[in-house]
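Q: Provided herewith: work-v2.cif, mmCIF, C-alpha atoms.
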data_final
loop_
_atom_site.label_atom_id
_atom_site.label_comp_id
_atom_site.auth_asym_id
_atom_site.auth_seq_id
_atom_site.Cartn_x
_atom_site.Cartn_y
_atom_site.Cartn_z
CA MET A 24 0.00 0.00 0.00
CA GLU A 25 1.44 3.40 -1.02
CA VAL A 26 1.76 6.53 1.11
CA ASP A 27 -1.07 8.32 -0.69
CA GLU A 28 -3.34 5.27 -0.39
CA VAL A 29 -2.77 5.06 3.36
CA ALA A 30 -3.45 8.79 3.68
CA ASP A 31 -6.66 8.47 1.66
CA ALA A 32 -7.72 5.52 3.83
CA SER A 33 -7.23 7.58 6.99
CA GLN A 34 -9.38 10.34 5.48
CA GLU A 35 -12.13 7.81 4.66
CA GLN A 36 -11.99 6.52 8.23
CA HIS A 37 -12.59 10.05 9.50
CA ALA A 38 -15.63 10.39 7.23
CA MET A 39 -16.97 7.05 8.50
CA ASN A 40 -16.50 8.13 12.10
CA GLU A 41 -18.53 11.29 11.56
CA SER A 42 -21.64 9.19 10.95
CA SER A 43 -20.87 6.32 13.34
CA LYS A 44 -23.45 5.34 15.93
CA GLN A 45 -23.78 2.48 18.40
CA ASP A 46 -26.57 0.43 19.89
CA ASN A 47 -26.12 0.53 23.67
CA GLY A 48 -27.99 -2.72 24.24
CA SER A 49 -31.30 -1.19 25.29
CA GLY A 50 -32.56 -0.67 21.75
CA SER A 51 -31.64 3.01 21.64
CA VAL A 52 -28.88 4.38 19.46
CA ARG A 53 -26.36 6.89 20.76
CA ALA A 54 -23.82 8.92 18.85
CA PHE A 55 -20.27 9.50 20.04
CA ASP A 56 -17.57 12.08 19.51
CA SER A 57 -15.53 10.65 16.64
CA SER A 58 -12.87 13.34 17.05
CA ASN A 59 -11.99 12.14 20.54
CA PRO A 60 -8.77 10.06 20.29
CA ASP A 61 -9.59 8.39 23.63
CA LEU A 62 -12.60 6.60 22.10
CA ILE A 63 -12.58 3.56 19.82
CA GLN A 64 -13.41 4.62 16.28
CA SER A 65 -14.67 2.85 13.19
CA GLY A 66 -12.02 1.68 10.75
CA HIS A 67 -9.22 1.90 13.33
CA TRP A 68 -6.92 -0.92 14.35
CA VAL A 69 -7.05 -1.90 18.02
CA MET A 70 -4.95 -4.33 20.05
CA PHE A 71 -6.92 -6.46 22.51
CA LYS A 72 -5.19 -7.86 25.57
CA LEU A 73 -6.83 -11.13 26.59
CA PRO A 74 -6.88 -12.72 30.08
CA SER A 75 -4.32 -15.31 28.96
CA GLY A 76 -1.85 -12.52 28.25
CA ASN A 77 -2.15 -13.05 24.49
CA LEU A 78 -2.69 -10.14 22.12
CA LYS A 79 -5.25 -9.93 19.34
CA LEU A 80 -4.98 -7.36 16.56
CA ALA A 81 -8.34 -6.47 15.01
CA LEU A 82 -9.85 -3.89 12.69
CA ILE A 83 -12.87 -2.27 14.31
CA GLY A 84 -16.06 -3.05 12.46
CA LYS A 85 -14.80 -6.04 10.47
CA GLU A 86 -13.63 -8.75 12.86
CA THR A 87 -14.82 -10.87 15.75
CA PHE A 88 -13.02 -12.56 18.62
CA GLY A 89 -13.69 -14.09 22.00
CA LYS A 90 -13.09 -17.24 24.02
CA PHE A 91 -16.54 -17.40 25.66
CA GLY A 92 -18.41 -15.96 22.70
CA SER A 93 -17.95 -13.98 19.50
CA VAL A 94 -17.72 -10.26 20.05
CA VAL A 95 -18.30 -8.07 17.04
CA THR A 96 -15.70 -5.33 17.27
CA ALA A 97 -18.22 -2.77 15.96
CA ASP A 98 -20.00 -3.07 19.32
CA LEU A 99 -17.04 -1.28 20.91
CA LEU A 100 -17.52 1.94 18.92
CA GLY A 101 -17.43 5.02 21.13
CA LEU A 102 -16.10 3.18 24.19
CA PRO A 103 -12.84 4.29 25.85
CA TYR A 104 -9.49 2.54 25.53
CA GLU A 105 -7.52 1.00 28.42
CA VAL A 106 -10.71 -0.11 30.20
CA GLN A 107 -11.53 -3.73 31.01
CA TYR A 108 -14.68 -5.12 29.39
CA GLU A 109 -16.21 -8.56 29.63
CA ILE A 110 -18.30 -10.83 27.40
CA PHE A 111 -21.74 -11.99 28.46
CA SER A 112 -24.68 -13.69 26.73
CA LYS A 113 -22.39 -15.09 24.05
CA ASN A 114 -21.88 -11.87 22.06
CA ARG A 115 -22.63 -8.86 24.26
CA VAL A 116 -20.07 -6.55 25.82
CA ARG A 117 -20.20 -4.59 29.05
CA ARG A 118 -17.75 -2.91 31.35
CA ALA A 119 -16.19 -5.38 33.79
CA VAL A 120 -17.72 -5.13 37.26
CA ALA A 121 -14.37 -5.47 39.01
CA GLY A 122 -10.66 -5.66 38.39
CA SER A 123 -8.29 -8.51 39.07
CA LEU A 124 -9.21 -10.80 41.94
CA LEU A 125 -5.56 -10.70 42.94
CA ASP A 126 -5.92 -6.97 43.70
CA MET A 127 -9.14 -7.51 45.65
CA MET A 128 -7.97 -10.34 47.90
CA GLU A 129 -5.63 -10.03 50.84
CA ILE A 130 -3.24 -12.93 50.40
CA THR A 131 -1.58 -14.21 53.55
CA ALA A 132 0.31 -17.38 54.42
CA ASP A 133 2.08 -18.92 57.37
CA GLU A 134 5.70 -17.78 57.54
CA ASN A 135 6.82 -21.41 57.54
CA ALA A 136 4.60 -22.39 54.61
CA ASN A 137 6.19 -24.30 51.73
CA ASN A 138 5.05 -26.43 48.82
CA ARG A 139 7.06 -29.55 49.56
CA GLU A 140 4.11 -31.54 50.88
CA LEU A 141 1.66 -30.49 48.16
CA ILE A 142 0.63 -33.16 45.67
CA ASP A 143 -1.17 -32.10 42.51
CA THR A 144 -4.11 -34.53 42.20
CA ARG A 145 -7.73 -34.24 41.14
CA ASP A 146 -8.80 -34.95 44.69
CA ALA A 147 -7.46 -31.54 45.73
CA GLN A 148 -10.51 -29.89 44.12
CA LYS A 149 -13.82 -30.82 45.75
CA LEU A 150 -15.93 -29.52 42.85
CA SER A 151 -16.55 -32.02 40.08
CA HIS A 152 -16.12 -31.29 36.39
CA VAL A 153 -19.92 -31.01 36.03
CA ASP A 154 -20.06 -28.46 38.86
CA ILE A 155 -17.34 -26.35 37.27
CA GLU A 156 -19.05 -26.43 33.87
CA GLN A 157 -22.27 -25.27 35.50
CA LEU A 158 -20.45 -22.35 37.11
CA LYS A 159 -19.03 -21.40 33.72
CA LYS A 160 -22.52 -21.44 32.15
CA GLU A 161 -23.91 -19.21 34.90
CA SER A 162 -20.98 -16.86 34.44
CA LEU A 163 -21.57 -16.68 30.69
CA LYS A 164 -25.24 -15.80 31.23
CA GLY A 165 -24.23 -12.96 33.50
CA GLU A 166 -25.70 -14.56 36.60
CA MET A 167 -22.27 -14.96 38.22
CA SER A 168 -19.04 -13.02 37.79
CA SER A 169 -15.79 -14.75 36.88
CA GLN A 170 -14.42 -13.61 40.26
CA SER A 171 -17.18 -15.56 42.01
CA VAL A 172 -16.28 -18.66 39.99
CA ILE A 173 -12.65 -18.40 41.02
CA LYS A 174 -13.58 -17.83 44.65
CA SER A 175 -15.66 -21.01 44.56
CA LEU A 176 -12.68 -22.93 43.22
CA ILE A 177 -10.45 -21.47 45.95
CA SER A 178 -12.88 -22.26 48.76
CA ASN A 179 -13.19 -25.84 47.52
CA SER A 180 -9.46 -26.39 47.12
CA ALA A 181 -7.97 -28.63 49.77
CA THR A 182 -4.41 -27.36 49.22
CA PHE A 183 -4.83 -23.61 48.69
CA GLU A 184 -4.33 -22.59 52.33
CA SER A 185 -1.14 -24.64 52.56
CA LYS A 186 0.53 -22.77 49.69
CA THR A 187 3.01 -19.92 50.00
CA GLU A 188 1.94 -16.37 49.16
CA PHE A 189 3.65 -16.55 45.80
CA SER A 190 2.03 -19.90 44.98
CA LYS A 191 -1.38 -18.55 45.95
CA ALA A 192 -0.92 -15.57 43.66
CA LYS A 193 0.15 -17.84 40.80
CA TYR A 194 -2.89 -20.07 41.40
CA ILE A 195 -5.27 -17.09 41.24
CA LYS A 196 -3.64 -15.67 38.10
CA LYS A 197 -3.79 -19.09 36.43
CA LYS A 198 -7.51 -19.41 37.15
CA GLU A 199 -8.14 -15.86 35.94
CA LYS A 200 -6.52 -16.70 32.62
CA LYS A 201 -8.81 -19.72 32.29
CA PHE A 202 -12.15 -18.39 33.50
CA SER A 203 -12.04 -14.63 32.99
CA LYS A 204 -14.19 -13.25 30.18
CA GLY A 205 -12.52 -9.88 30.26
CA PHE A 206 -10.37 -8.10 27.72
CA VAL A 207 -8.75 -4.68 27.46
CA PRO A 208 -8.62 -2.68 24.19
CA LEU A 209 -5.22 -1.03 23.91
CA ARG A 210 -4.56 2.13 21.94
CA MET A 211 -2.23 1.36 19.03
CA SER A 212 1.35 2.49 19.51
CA ALA A 213 4.78 1.50 18.22
CA ARG A 214 5.49 -0.30 21.48
CA VAL A 215 2.27 -2.36 21.37
CA LEU A 216 2.76 -3.18 17.69
CA CYS A 217 6.41 -4.18 18.20
CA GLU A 218 5.52 -6.48 21.10
CA TYR A 219 2.73 -8.10 19.06
CA TYR A 220 4.94 -8.89 16.06
CA ALA A 221 7.85 -9.96 18.25
CA MET A 222 5.49 -12.45 19.91
CA TYR A 223 3.66 -13.85 16.87
CA LYS A 224 5.44 -12.81 13.63
CA PRO A 225 9.06 -11.92 14.40
CA PHE A 226 10.11 -12.49 10.78
CA LYS A 227 7.89 -9.58 9.74
CA THR A 228 9.92 -7.07 11.78
CA ARG A 229 13.30 -8.81 11.50
CA GLU A 230 13.04 -10.05 15.11
CA MET A 231 13.21 -6.54 16.55
CA ARG A 232 12.35 -6.23 20.24
CA VAL A 233 10.81 -3.16 21.84
CA ASP A 234 13.87 -2.27 23.92
CA THR A 235 16.06 -2.39 20.82
CA LEU A 236 13.57 -0.24 18.92
CA SER A 237 13.68 2.41 21.65
CA GLN A 238 17.50 2.46 21.57
CA LEU A 239 17.43 2.67 17.78
CA LEU A 240 15.30 5.82 17.98
CA SER A 241 17.48 7.36 20.68
CA TYR A 242 20.78 6.67 18.88
CA GLY A 243 19.24 7.91 15.61
CA ASN A 244 18.45 11.41 16.93
CA VAL A 245 14.69 10.96 16.41
CA ARG A 246 12.85 13.97 17.81
CA ALA A 247 10.22 16.51 16.84
CA GLY A 248 11.36 18.80 14.03
CA SER A 249 14.23 16.60 12.82
CA LYS A 250 14.92 15.60 9.23
CA LEU A 251 15.78 11.90 9.10
CA LEU A 252 16.88 9.34 6.52
CA VAL A 253 15.71 5.76 6.98
CA VAL A 254 15.98 2.35 5.30
CA ASP A 255 13.20 0.20 6.78
CA ASP A 256 12.63 -3.40 5.73
CA CYS A 257 10.60 -4.17 8.88
CA GLY A 258 7.23 -3.62 7.27
CA GLY A 259 7.19 0.02 8.32
CA LEU A 260 7.63 -0.54 12.06
CA VAL A 261 10.69 1.72 12.34
CA VAL A 262 9.11 4.50 10.28
CA GLY A 263 5.91 4.21 12.33
CA ALA A 264 7.88 4.55 15.57
CA MET A 265 9.65 7.59 14.13
CA LEU A 266 6.35 9.21 13.15
CA GLU A 267 5.01 8.60 16.64
CA ARG A 268 8.01 10.13 18.40
CA MET A 269 8.21 13.12 16.05
CA GLY A 270 4.58 13.98 16.74
CA GLY A 271 3.79 15.41 13.32
CA PHE A 272 6.81 17.75 13.12
CA GLY A 273 9.72 17.06 10.78
CA THR A 274 10.50 15.08 7.63
CA ILE A 275 11.34 11.43 6.98
CA GLY A 276 13.17 10.43 3.81
CA TRP A 277 12.42 6.74 3.28
CA VAL A 278 14.79 4.94 0.91
CA HIS A 279 13.30 1.73 -0.44
CA GLU A 280 13.84 -0.86 -3.16
CA HIS A 281 10.41 -0.68 -4.79
CA THR A 282 9.77 1.17 -8.04
CA SER A 283 6.68 2.96 -6.70
CA SER A 284 6.29 3.19 -2.91
CA PRO A 285 7.38 1.03 0.05
CA SER A 286 5.12 -1.29 2.02
CA LEU A 287 3.18 0.56 4.71
CA ASP A 288 1.12 -2.26 6.20
CA LEU A 289 2.30 -1.76 9.77
CA ILE A 290 2.08 2.03 9.54
CA GLN A 291 -1.57 1.72 8.57
CA GLN A 292 -2.19 -0.25 11.77
CA LEU A 293 -0.98 2.71 13.87
CA ASN A 294 -3.98 4.86 12.78
CA PHE A 295 -1.98 7.97 11.89
CA PRO A 296 -3.90 10.97 10.47
CA ARG A 297 -3.14 12.14 6.93
CA GLU A 298 -1.08 15.15 7.97
CA GLN A 299 1.29 12.91 9.90
CA LEU A 300 1.71 10.52 6.97
CA ASP A 301 2.60 13.48 4.74
CA MET A 302 5.90 13.70 6.63
CA ILE A 303 7.12 10.66 4.66
CA VAL A 304 9.01 11.31 1.43
CA PRO A 305 9.71 7.95 -0.29
CA MET A 306 12.72 7.59 -2.55
CA ALA A 307 13.68 4.47 -4.52
CA TRP A 308 17.33 3.39 -4.51
CA GLY A 309 17.57 3.92 -8.25
CA GLU A 310 16.42 7.53 -7.94
CA LEU A 311 19.01 8.70 -5.40
CA ASP A 312 21.57 9.98 -7.91
CA SER A 313 19.18 10.93 -10.71
CA PHE A 314 15.83 12.17 -9.47
CA GLU A 315 15.22 14.60 -12.31
CA GLY A 316 11.75 15.77 -13.18
CA ASP A 317 9.98 15.92 -16.49
CA GLU A 318 11.17 19.27 -17.90
CA GLU A 319 9.31 19.19 -21.20
CA MET A 320 6.62 21.80 -21.81
CA TRP A 321 2.99 20.88 -21.39
CA ASP A 322 1.38 19.53 -24.54
CA GLN A 323 -1.70 21.66 -25.20
CA GLU A 324 -3.51 18.69 -26.76
CA LEU A 325 -3.38 16.63 -23.54
CA ASP A 326 -6.68 16.19 -21.74
CA GLU A 327 -7.16 17.64 -18.26
CA GLU A 328 -6.82 14.27 -16.52
CA ARG A 329 -3.39 13.61 -18.03
CA ILE A 330 -2.28 17.14 -17.16
CA ARG A 331 -3.45 16.62 -13.57
CA ARG A 332 -1.54 13.34 -13.28
CA ARG A 333 1.62 14.90 -14.72
CA GLN A 334 1.34 17.87 -12.38
CA LYS A 335 0.96 15.51 -9.39
CA ARG A 336 4.05 13.58 -10.50
CA GLY A 337 5.97 16.83 -10.92
CA ASP A 338 5.01 17.93 -7.39
CA LYS A 339 6.32 14.65 -5.96
CA ILE A 340 9.61 15.00 -7.82
CA GLN A 341 9.99 18.58 -6.65
CA ARG A 342 9.44 17.58 -3.04
CA LYS A 343 12.04 14.83 -3.35
CA ARG A 344 14.49 17.42 -4.67
CA GLU A 345 13.80 19.75 -1.76
CA VAL A 346 14.31 16.97 0.82
CA PHE A 347 17.26 15.02 -0.62
CA ALA A 348 19.25 17.57 -2.65
CA PRO A 349 20.57 19.63 0.33
CA ARG A 350 22.10 16.46 1.86
CA ASP A 351 21.54 17.74 5.38
CA PHE A 352 19.74 14.91 7.17
CA ASP A 353 19.91 14.89 10.98
CA GLY A 354 20.29 11.13 11.25
CA LEU A 355 20.44 7.85 9.34
CA ILE A 356 18.60 4.77 10.58
CA CYS A 357 18.92 1.43 8.81
CA ALA A 358 17.03 -1.80 9.51
CA SER A 359 17.49 -3.56 6.21
CA ARG A 360 18.12 -6.99 4.74
CA PHE A 361 20.88 -5.52 2.56
CA ASP A 362 24.56 -5.53 3.46
CA PRO A 363 24.93 -2.67 6.00
CA SER A 364 28.29 -1.61 4.50
CA THR A 365 26.76 -0.94 1.08
CA VAL A 366 23.90 0.99 2.66
CA LEU A 367 26.26 3.18 4.69
CA ASP A 368 28.53 3.77 1.70
CA ALA A 369 25.59 4.88 -0.45
CA LEU A 370 23.83 7.09 2.09
CA TYR A 371 26.51 8.71 4.25
CA PRO A 372 26.89 11.66 1.80
CA PHE A 373 23.30 12.67 2.62
CA LEU A 374 24.11 13.10 6.33
CA ALA A 375 25.08 16.46 7.79
CA GLY A 376 28.26 16.67 9.85
CA GLY A 377 28.11 15.53 13.46
CA ARG A 378 24.95 13.48 12.87
CA PRO A 379 24.51 9.82 13.87
CA ALA A 380 24.19 6.75 11.68
CA VAL A 381 22.62 3.65 13.29
CA VAL A 382 22.23 0.18 11.80
CA TYR A 383 20.11 -2.65 13.25
CA HIS A 384 20.55 -6.33 12.57
CA ALA A 385 19.22 -9.41 14.33
CA TYR A 386 22.71 -10.96 14.32
CA ARG A 387 26.13 -9.56 15.16
CA GLU A 388 28.18 -11.13 12.34
CA PRO A 389 26.76 -9.00 9.47
CA LEU A 390 27.60 -5.87 11.46
CA LEU A 391 31.26 -6.76 12.04
CA THR A 392 32.23 -5.91 8.45
CA SER A 393 30.35 -2.62 8.71
CA PHE A 394 32.04 -1.89 12.03
CA MET A 395 35.46 -2.25 10.41
CA TYR A 396 34.24 -0.10 7.51
CA MET A 397 33.31 2.67 9.95
CA ARG A 398 36.59 2.34 11.84
CA LYS A 399 38.67 2.69 8.68
CA SER A 400 36.49 5.30 6.97
CA PRO A 401 37.44 8.99 7.29
CA HIS A 402 33.73 9.80 7.25
CA PHE A 403 32.84 8.24 10.64
CA VAL A 404 34.09 8.33 14.21
CA ASN A 405 33.06 6.68 17.49
CA ALA A 406 31.93 3.42 15.87
CA SER A 407 30.53 0.85 18.30
CA ILE A 408 28.35 -2.28 18.41
CA THR A 409 25.92 -2.75 21.28
CA GLU A 410 23.40 -5.38 22.30
CA SER A 411 20.37 -4.69 24.50
CA TRP A 412 19.34 -7.18 27.15
CA LEU A 413 15.88 -7.45 28.63
CA ARG A 414 14.36 -9.85 31.14
CA GLU A 415 10.77 -9.75 32.32
CA TYR A 416 9.97 -10.46 35.95
CA GLN A 417 6.78 -11.74 37.49
CA VAL A 418 4.96 -9.27 39.70
CA PRO A 419 6.23 -9.64 43.29
CA VAL A 420 3.70 -10.55 45.96
CA TYR A 421 4.22 -8.74 49.27
CA ASP A 422 7.54 -9.93 50.76
CA SER A 423 8.00 -12.97 48.53
CA GLY A 424 10.58 -11.27 46.29
CA THR A 425 10.81 -11.15 42.50
CA HIS A 426 10.82 -14.15 40.20
CA PRO A 427 12.01 -13.88 36.57
CA HIS A 428 10.06 -15.56 33.81
CA MET A 429 11.69 -18.80 32.78
CA MET A 430 10.95 -18.27 29.08
CA THR A 431 12.41 -15.18 27.41
CA SER A 432 14.01 -14.13 24.14
CA GLY A 433 17.71 -14.76 23.92
CA SER A 434 18.60 -11.54 22.12
CA GLY A 435 16.94 -8.37 20.94
CA GLY A 436 19.39 -7.80 18.11
CA PHE A 437 22.48 -5.62 17.71
CA LEU A 438 23.04 -1.95 16.92
CA LEU A 439 25.98 -0.44 15.06
CA SER A 440 26.33 3.29 15.58
CA GLY A 441 28.75 6.01 14.51
CA ILE A 442 29.02 9.78 14.01
CA ARG A 443 29.37 11.37 10.56
CA VAL A 444 32.29 13.75 10.12
CA LEU A 445 33.03 16.08 7.21
CA GLY A 446 36.41 16.12 5.59
#
Represent the structure contained in this file as structure tokens.
A:
Amino acid sequence: MEVDEVADASQEQHAMNESSKQDNGSGSVRAFDSSNPDLIQSGHWVMFKLPSGNLKLALIGKETFGKFGSVVTADLLGLPYEVQYEIFSKNRVRRAVAGSLLDMMEITADENANNRELIDTRDAQKLSHVDIEQLKKESLKGEMSSQSVIKSLISNSATFESKTEFSKAKYIKKKEKKFSKGFVPLRMSARVLCEYYAMYKPFKTREMRVDTLSQLLSYGNVRAGSKLLVVDDCGGLVVGAMLERMGGFGTIGWVHEHTSSPSLDLIQQLNFPREQLDMIVPMAWGELDSFEGDEEMWDQELDEERIRRRQKRGDKIQRKREVFAPRDFDGLICASRFDPSTVLDALYPFLAGGRPAVVYHAYREPLLTSFMYMRKSPHFVNASITESWLREYQVPVYDSGTHPHMMTSGSGGFLLSGIRVLG
């Protein structure tokens, strides 16, 4: 999808939102303020956080999801983000009556408690499978909350009171993941999108992790009002993160391999308005040294449509000249499948003096050649390769200390950085 197509799509979404209305469940229809960014809008992408901790990316108005029923995403129109909702009566949505049971309960345990004597058997739970299924049906009808179901399981557990505080908390969280009907719609951001693709489709974003993305932006001098050069083969994730941080102020020169425009699938999922997308100036590799416009005079016999198309093409070429010809970019960011050395050699002349160049790669070996290139080149100083390290910890429970997750990613990738010098 091209830049103009994404911009036109965002304009169509705005027009749809102006006439959007929602049935509130009582038969009446209420309108909502479609200009409010804190409300879910038609045609926008939304990330749903499920009780299991999984993420679900959905386009509002066109998709359904749900473990205990199918929720039509259009039913969420006009509702606020970052609020927990729950499913009832198979396909209805309402605001959750309470938060996490873990926050509501006061968990205590004997100071000498341990799990050595606990044996995980079916006899530990007094409720039968039929009883539990009946509780789930009552919960689905709205006659009983998921918290009440979990409390029933706790009260009928023969081993719960013998557990440590940390084990009790883990037990409650495990049951919430299984029986909770809640979900939280998250506002789309570069962080949320990066975490989603790192979890489910790492190949799409070249295995980039959110902590590495944040360092990439910081090393690359990404800020409001800056003029940046980028090579992004991560589906648009890096460019989307740059747009988000720049807040609508500045210019992004996007160098790509396509003959028309680069892929903007991930940028579209960030719901940017048209004026923010206009910051992007795409430039194909083959045009870098020869982006000359059509200088021939207008043919008076051309019809108006052909003249309009030629004028539009001329405006694009002129804008590319204005952005790339001065060769005064404030930073170069590369996350490409191409050899980093060739990318740096081709693009360093477009950088202003004293500006950073940063290259991302999922593996260190491809960056070693580029590191030596920077070290030997008279055009760069302060070359270095860094690796970010991130480990997620489970939420501590009172005085039980912190416990790291046993499963984590081994590496978030590597960054090669250097400073451009003139000479």
Q: How would you write, as a ChimeraX atom specification, the residues chosen by the PyMOL selection byres ((chain A and resi 179) around 6) on this structure?
A: /A:148-149,176-178,180
Q: Expand the PyMOL selection byres ((chain A and resi 133) around 10) into the explicit residue set it covers here, and present it as a VMD selection string.
A: chain A and resid 131 to 132 134 to 137 184 to 188
Q: Using only C-alpha atoms, which of the listed residues (A:Cys217, A:Leu62, A:Val245, A:Ala119) sits closest to Gln292 (chain A)?
A: A:Cys217
Q: Might I get the box with edges along x, y and z of the file that holds all atoms of region 360-374 of chain A listed there, padded by 4 Å on every side, given as centre and edge lengths in Å to one decimal, as JSON?
A:
{"center_x": 23.3, "center_y": 3.1, "center_z": 2.9, "size_x": 18.4, "size_y": 28.1, "size_z": 14.8}
Q: Near region 409-412 of chain A, within 7 Å and counting all atoms listed in the file, which residues show up once chain neighbours fewer than 5 positions away are dropped, as a list in words?
A: Asp234, Thr235, Ser434, Gly435, Gly436, Phe437, Leu438 and Leu439 of chain A
Q: Apply the PyMOL selection byres ((chain A and resi 390-399) around 10) to the displayed file and report the matching residues as a VMD selection string.
A: chain A and resid 362 to 368 382 to 389 400 to 408 437 to 443
Q: Using all atoms listed in the file, pick whichever of A:Glu267, A:Val262, A:Ala307, A:Lys160 has the shortest atom-to-atom distance to Leu287 (chain A).
A: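 Counting all atoms listed in the file, the residue closest to Leu287 (chain A) is A:Val262.
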